[in-house]
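What's in query.pdb: PDB, C-alpha atoms
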```pdb
ATOM      1  CA  MET A   1      65.865 145.599  46.777  1.00  0.00           C
ATOM      2  CA  SER A   2      65.058 142.689  49.022  1.00  0.00           C
ATOM      3  CA  GLY A   3      62.367 141.291  51.275  1.00  0.00           C
ATOM      4  CA  ALA A   4      58.886 140.014  50.500  1.00  0.00           C
ATOM      5  CA  GLY A   5      57.106 141.446  47.487  1.00  0.00           C
ATOM      6  CA  PRO A   6      55.108 144.612  48.149  1.00  0.00           C
ATOM      7  CA  ALA A   7      51.959 143.062  46.669  1.00  0.00           C
ATOM      8  CA  GLU A   8      52.000 140.575  49.546  1.00  0.00           C
ATOM      9  CA  ARG A   9      52.299 143.396  52.074  1.00  0.00           C
ATOM     10  CA  MET A  10      49.306 145.606  51.285  1.00  0.00           C
ATOM     11  CA  TRP A  11      47.219 146.720  54.219  1.00  0.00           C
ATOM     12  CA  LYS A  12      43.784 148.305  53.984  1.00  0.00           C
ATOM     13  CA  PRO A  13      42.300 149.423  57.288  1.00  0.00           C
ATOM     14  CA  ASN A  14      38.538 149.942  57.398  1.00  0.00           C
ATOM     15  CA  ASN A  15      37.157 153.492  57.758  1.00  0.00           C
ATOM     16  CA  GLU A  16      36.911 153.352  61.546  1.00  0.00           C
ATOM     17  CA  GLU A  17      40.419 151.955  61.995  1.00  0.00           C
ATOM     18  CA  GLY A  18      41.876 154.325  59.380  1.00  0.00           C
ATOM     19  CA  GLY A  19      40.240 157.363  60.975  1.00  0.00           C
ATOM     20  CA  ALA A  20      41.583 156.350  64.393  1.00  0.00           C
ATOM     21  CA  LEU A  21      45.063 155.872  62.898  1.00  0.00           C
ATOM     22  CA  ALA A  22      44.906 159.284  61.214  1.00  0.00           C
ATOM     23  CA  GLY A  23      44.063 160.883  64.566  1.00  0.00           C
ATOM     24  CA  ARG A  24      46.869 158.956  66.296  1.00  0.00           C
ATOM     25  CA  TRP A  25      49.302 159.988  63.556  1.00  0.00           C
ATOM     26  CA  TRP A  26      48.444 163.665  64.081  1.00  0.00           C
ATOM     27  CA  GLN A  27      48.779 163.340  67.868  1.00  0.00           C
ATOM     28  CA  TRP A  28      52.224 161.797  67.302  1.00  0.00           C
ATOM     29  CA  ALA A  29      53.298 164.436  64.757  1.00  0.00           C
ATOM     30  CA  LEU A  30      52.025 167.420  66.757  1.00  0.00           C
ATOM     31  CA  SER A  31      53.635 166.237  70.001  1.00  0.00           C
ATOM     32  CA  ALA A  32      57.199 166.335  68.649  1.00  0.00           C
ATOM     33  CA  PRO A  33      59.382 169.282  69.616  1.00  0.00           C
ATOM     34  CA  ASP A  34      60.573 171.275  66.591  1.00  0.00           C
ATOM     35  CA  ASP A  35      64.180 170.108  66.969  1.00  0.00           C
ATOM     36  CA  ARG A  36      63.126 166.418  66.803  1.00  0.00           C
ATOM     37  CA  SER A  37      60.075 166.656  64.579  1.00  0.00           C
ATOM     38  CA  PRO A  38      59.900 163.771  62.086  1.00  0.00           C
ATOM     39  CA  VAL A  39      57.816 166.057  59.821  1.00  0.00           C
ATOM     40  CA  ARG A  40      60.456 168.828  59.752  1.00  0.00           C
ATOM     41  CA  ASP A  41      63.254 166.257  59.402  1.00  0.00           C
ATOM     42  CA  THR A  42      64.840 166.234  55.937  1.00  0.00           C
ATOM     43  CA  THR A  43      67.098 163.184  56.405  1.00  0.00           C
ATOM     44  CA  GLY A  44      65.188 160.578  58.432  1.00  0.00           C
ATOM     45  CA  GLU A  45      67.310 161.206  61.528  1.00  0.00           C
ATOM     46  CA  HIS A  46      64.207 161.654  63.723  1.00  0.00           C
ATOM     47  CA  ALA A  47      62.019 158.941  62.167  1.00  0.00           C
ATOM     48  CA  ALA A  48      62.109 156.808  65.326  1.00  0.00           C
ATOM     49  CA  TRP A  49      61.010 159.642  67.619  1.00  0.00           C
ATOM     50  CA  ASN A  50      58.358 158.461  70.107  1.00  0.00           C
ATOM     51  CA  GLN A  51      57.002 155.674  67.885  1.00  0.00           C
ATOM     52  CA  PRO A  52      54.052 153.670  69.262  1.00  0.00           C
ATOM     53  CA  GLU A  53      54.665 150.003  70.070  1.00  0.00           C
ATOM     54  CA  ASP A  54      51.949 148.533  67.833  1.00  0.00           C
ATOM     55  CA  LEU A  55      52.806 150.165  64.481  1.00  0.00           C
ATOM     56  CA  TRP A  56      55.257 152.529  62.831  1.00  0.00           C
ATOM     57  CA  PHE A  57      54.414 155.994  61.567  1.00  0.00           C
ATOM     58  CA  LEU A  58      56.296 157.598  58.714  1.00  0.00           C
ATOM     59  CA  ALA A  59      56.169 161.378  58.626  1.00  0.00           C
ATOM     60  CA  GLY A  60      54.712 163.556  55.939  1.00  0.00           C
ATOM     61  CA  THR A  61      56.280 166.902  55.074  1.00  0.00           C
ATOM     62  CA  TYR A  62      55.364 170.564  55.101  1.00  0.00           C
ATOM     63  CA  GLY A  63      55.557 170.412  51.310  1.00  0.00           C
ATOM     64  CA  GLY A  64      58.242 170.081  48.660  1.00  0.00           C
ATOM     65  CA  GLN A  65      60.771 167.372  48.034  1.00  0.00           C
ATOM     66  CA  VAL A  66      62.579 165.351  50.698  1.00  0.00           C
ATOM     67  CA  VAL A  67      64.653 162.161  50.766  1.00  0.00           C
ATOM     68  CA  ARG A  68      64.857 160.297  54.063  1.00  0.00           C
ATOM     69  CA  ARG A  69      66.733 157.171  55.164  1.00  0.00           C
ATOM     70  CA  CYS A  70      65.667 155.224  58.209  1.00  0.00           C
ATOM     71  CA  ALA A  71      65.366 151.828  59.817  1.00  0.00           C
ATOM     72  CA  ILE A  72      61.955 150.401  60.661  1.00  0.00           C
ATOM     73  CA  PRO A  73      61.143 147.312  62.740  1.00  0.00           C
ATOM     74  CA  SER A  74      60.177 144.228  60.738  1.00  0.00           C
ATOM     75  CA  ASP A  75      57.401 143.313  63.191  1.00  0.00           C
ATOM     76  CA  ARG A  76      55.079 146.348  62.811  1.00  0.00           C
ATOM     77  CA  PRO A  77      52.710 147.614  60.116  1.00  0.00           C
ATOM     78  CA  VAL A  78      53.524 151.059  58.713  1.00  0.00           C
ATOM     79  CA  PHE A  79      51.061 153.958  58.311  1.00  0.00           C
ATOM     80  CA  PHE A  80      51.818 157.237  56.525  1.00  0.00           C
ATOM     81  CA  PRO A  81      50.175 160.294  54.944  1.00  0.00           C
ATOM     82  CA  VAL A  82      50.318 160.980  51.236  1.00  0.00           C
ATOM     83  CA  LEU A  83      48.444 164.276  51.517  1.00  0.00           C
ATOM     84  CA  ASN A  84      46.911 165.453  54.789  1.00  0.00           C
ATOM     85  CA  MET A  85      45.869 168.335  56.991  1.00  0.00           C
ATOM     86  CA  GLN A  86      44.318 169.030  60.375  1.00  0.00           C
ATOM     87  CA  HIS A  87      42.597 171.922  62.054  1.00  0.00           C
ATOM     88  CA  PRO A  88      41.041 172.754  65.419  1.00  0.00           C
ATOM     89  CA  ARG A  89      37.266 172.520  65.669  1.00  0.00           C
ATOM     90  CA  SER A  90      37.239 176.223  66.567  1.00  0.00           C
ATOM     91  CA  TYR A  91      38.401 176.924  62.982  1.00  0.00           C
ATOM     92  CA  SER A  92      35.543 174.939  61.461  1.00  0.00           C
ATOM     93  CA  ARG A  93      32.916 172.635  62.897  1.00  0.00           C
ATOM     94  CA  ILE A  94      33.199 170.386  59.852  1.00  0.00           C
ATOM     95  CA  PRO A  95      36.380 168.677  58.631  1.00  0.00           C
ATOM     96  CA  GLN A  96      38.211 170.656  55.951  1.00  0.00           C
ATOM     97  CA  ARG A  97      40.010 168.911  53.099  1.00  0.00           C
ATOM     98  CA  MET A  98      42.219 169.548  50.111  1.00  0.00           C
ATOM     99  CA  THR A  99      41.305 168.607  46.564  1.00  0.00           C
ATOM    100  CA  ALA A 100      44.030 166.319  45.270  1.00  0.00           C
ATOM    101  CA  THR A 101      45.207 166.444  41.672  1.00  0.00           C
ATOM    102  CA  GLU A 102      47.728 163.663  42.315  1.00  0.00           C
ATOM    103  CA  ALA A 103      48.183 161.121  45.114  1.00  0.00           C
ATOM    104  CA  THR A 104      50.400 158.063  44.705  1.00  0.00           C
ATOM    105  CA  ALA A 105      52.609 155.841  46.812  1.00  0.00           C
ATOM    106  CA  SER A 106      54.696 152.883  45.720  1.00  0.00           C
ATOM    107  CA  LEU A 107      56.887 150.411  47.555  1.00  0.00           C
ATOM    108  CA  ASN A 108      59.767 149.086  45.448  1.00  0.00           C
ATOM    109  CA  SER A 109      57.946 150.547  42.405  1.00  0.00           C
ATOM    110  CA  VAL A 110      54.702 148.628  43.130  1.00  0.00           C
ATOM    111  CA  PRO A 111      51.715 150.965  43.649  1.00  0.00           C
ATOM    112  CA  LEU A 112      50.106 150.846  47.090  1.00  0.00           C
ATOM    113  CA  PRO A 113      46.381 151.307  47.690  1.00  0.00           C
ATOM    114  CA  LEU A 114      45.504 154.643  49.261  1.00  0.00           C
ATOM    115  CA  GLN A 115      42.466 155.573  51.321  1.00  0.00           C
ATOM    116  CA  GLU A 116      40.875 158.839  52.386  1.00  0.00           C
ATOM    117  CA  PHE A 117      40.122 159.167  56.091  1.00  0.00           C
ATOM    118  CA  THR A 118      38.531 161.946  58.122  1.00  0.00           C
ATOM    119  CA  ALA A 119      38.283 161.750  61.890  1.00  0.00           C
ATOM    120  CA  PRO A 120      38.085 163.846  65.035  1.00  0.00           C
ATOM    121  CA  PHE A 121      40.959 163.690  67.495  1.00  0.00           C
ATOM    122  CA  ARG A 122      42.126 165.612  70.518  1.00  0.00           C
ATOM    123  CA  THR A 123      45.393 167.238  71.585  1.00  0.00           C
ATOM    124  CA  GLY A 124      45.194 168.303  75.208  1.00  0.00           C
ATOM    125  CA  LEU A 125      41.887 170.151  75.535  1.00  0.00           C
ATOM    126  CA  THR A 126      41.663 171.009  71.836  1.00  0.00           C
ATOM    127  CA  GLN A 127      39.241 169.074  69.642  1.00  0.00           C
ATOM    128  CA  ARG A 128      40.610 168.758  66.089  1.00  0.00           C
ATOM    129  CA  TYR A 129      39.751 167.195  62.755  1.00  0.00           C
ATOM    130  CA  ALA A 130      42.116 165.180  60.619  1.00  0.00           C
ATOM    131  CA  TRP A 131      41.718 164.687  56.900  1.00  0.00           C
ATOM    132  CA  GLY A 132      44.040 162.897  54.556  1.00  0.00           C
ATOM    133  CA  ILE A 133      44.870 160.402  51.893  1.00  0.00           C
ATOM    134  CA  TRP A 134      46.784 157.651  53.659  1.00  0.00           C
ATOM    135  CA  GLY A 135      48.762 154.558  52.859  1.00  0.00           C
ATOM    136  CA  GLY A 136      50.190 151.673  54.775  1.00  0.00           C
ATOM    137  CA  PHE A 137      51.560 148.197  54.561  1.00  0.00           C
ATOM    138  CA  GLU A 138      51.953 145.083  56.656  1.00  0.00           C
ATOM    139  CA  PRO A 139      55.260 144.410  58.431  1.00  0.00           C
ATOM    140  CA  LEU A 140      58.110 143.931  55.965  1.00  0.00           C
ATOM    141  CA  THR A 141      60.584 141.104  56.113  1.00  0.00           C
ATOM    142  CA  ALA A 142      64.135 142.216  56.814  1.00  0.00           C
ATOM    143  CA  GLY A 143      65.659 143.995  53.844  1.00  0.00           C
ATOM    144  CA  GLN A 144      65.936 147.224  51.887  1.00  0.00           C
ATOM    145  CA  TYR A 145      62.921 149.034  50.434  1.00  0.00           C
ATOM    146  CA  VAL A 146      62.145 152.305  48.668  1.00  0.00           C
ATOM    147  CA  LEU A 147      58.856 154.071  49.401  1.00  0.00           C
ATOM    148  CA  GLU A 148      57.968 156.871  46.986  1.00  0.00           C
ATOM    149  CA  ILE A 149      55.145 159.295  47.819  1.00  0.00           C
ATOM    150  CA  LYS A 150      53.888 161.977  45.451  1.00  0.00           C
ATOM    151  CA  ALA A 151      50.901 164.266  45.864  1.00  0.00           C
ATOM    152  CA  ALA A 152      49.588 167.637  44.726  1.00  0.00           C
ATOM    153  CA  ALA A 153      46.514 169.701  45.567  1.00  0.00           C
ATOM    154  CA  THR A 154      44.601 172.353  43.657  1.00  0.00           C
ATOM    155  CA  ASN A 155      45.820 174.997  46.142  1.00  0.00           C
ATOM    156  CA  GLY A 156      49.425 174.513  44.921  1.00  0.00           C
ATOM    157  CA  PHE A 157      50.609 172.350  47.821  1.00  0.00           C
ATOM    158  CA  TRP A 158      52.725 169.385  46.712  1.00  0.00           C
ATOM    159  CA  VAL A 159      54.953 166.675  48.150  1.00  0.00           C
ATOM    160  CA  ASP A 160      57.579 164.401  46.652  1.00  0.00           C
ATOM    161  CA  THR A 161      58.976 162.165  49.391  1.00  0.00           C
ATOM    162  CA  THR A 162      61.320 159.220  49.026  1.00  0.00           C
ATOM    163  CA  TYR A 163      62.028 156.931  51.958  1.00  0.00           C
ATOM    164  CA  HIS A 164      64.948 154.504  51.796  1.00  0.00           C
ATOM    165  CA  LEU A 165      63.820 151.997  54.403  1.00  0.00           C
ATOM    166  CA  GLU A 166      65.785 149.267  56.069  1.00  0.00           C
ATOM    167  CA  SER A 167      63.477 146.755  57.719  1.00  0.00           C
ATOM    168  CA  LYS A 168      65.277 145.151  60.682  1.00  0.00           C
ATOM    169  CA  ALA A 169      64.351 142.481  63.172  1.00  0.00           C
ATOM    170  CA  PRO A 170      63.654 144.106  66.561  1.00  0.00           C
TER     171      PRO A 170
END
```
Whole structure given in structure tokens:
Amino acid sequence: MSGAGPAERMWKPNNEEGGALAGRWWQWALSAPDDRSPVRDTTGEHAAWNQPEDLWFLAGTYGGQVVRRCAIPSDRPVFFPVLNMQHPRSYSRIPQRMTATEATASLNSVPLPLQEFTAPFRTGLTQRYAWGIWGGFEPLTAGQYVLEIKAAATNGFWVDTTYHLESKAP
């Protein structure tokens, strides 16, 4: 592994910023066509799909185990879900959430701080709510990194995601 130590790269957005990022992440994830969806992707091939210019989103999964390999720019912070969900306001007027039994993320084996965010967001004319346990880190110096994400909920949903990241100068 290379690059700056993960402990130097921790990023903790405040509740307002984190909620806004969670909503932006869901807008990004829900806008992808199925054949290019970073969430459905099992290899990392579609990780760069429609990324915003001010940060980099890493995709969650629809559950289970996945290993992805992708390049990320060394000049942007990274934001990702550990465990998350969304629903339209028509389903419930209050944000729904899962009860986590496990939620961890580590970069090069160093644990990252995680935060829970809930926020409203909109897709087209539909008002939605996002909930999740999220992680992130500051831009990484050029090099190779391994991001490991593990989570489980009381409803039986679980994720075990490994990202092999190559941070590259833009």
Inset, instruction - For Val159 of chain A, please output as an MDAnalysis selection string all residues within 12 Å (counting only C-alpha atoms; exclusion window: fewer than 4 positions along the same chain). - result: chainID A and resid 59:67 81:84 100:105 148:153
Inset, instruction - List the residues selected by the PyMOL selection byres ((chain A and resi 90) around 9) in the file shown, writing them as a VMD selection string. - result: chain A and resid 87 to 89 91 to 93 126 to 128
Legend entry - Who sits within 10 Å of Trp11 of chain A, only C-alpha atoms, same chain under 4 positions skipped, as a ChimeraX atom specification: /A:7,77-79,112-114,135-139
Inset, instruction - Can you pull out every residue within 6 Å of Ser167 of chain A, counting only C-alpha atoms, but drop anything in the same chain fewer than 5 positions away, and send it as a list in words? - result: Ala71, Ile72, Pro73, Ser74, Ala142 and Gly143 of chain A
May I have the residues from that selection written out with C-alpha atoms, as a PDB file, in the frame of the given file?
```pdb
ATOM      1  CA  ALA A  71      65.366 151.828  59.817  1.00  0.00           C
ATOM      2  CA  ILE A  72      61.955 150.401  60.661  1.00  0.00           C
ATOM      3  CA  PRO A  73      61.143 147.312  62.740  1.00  0.00           C
ATOM      4  CA  SER A  74      60.177 144.228  60.738  1.00  0.00           C
ATOM      5  CA  ALA A 142      64.135 142.216  56.814  1.00  0.00           C
ATOM      6  CA  GLY A 143      65.659 143.995  53.844  1.00  0.00           C
TER       7      GLY A 143
END
```
Kindly list the centre and edge lengths in Å, rounded to one decimal, for the axis-aligned box that covers all listed atoms of segment 37-53 of chain A plus 5 Å on each of its six sides, as AutoDock Vina command-line options.
```
--center_x 60.7 --center_y 159.4 --center_z 63.0 --size_x 23.3 --size_y 28.8 --size_z 24.2
```
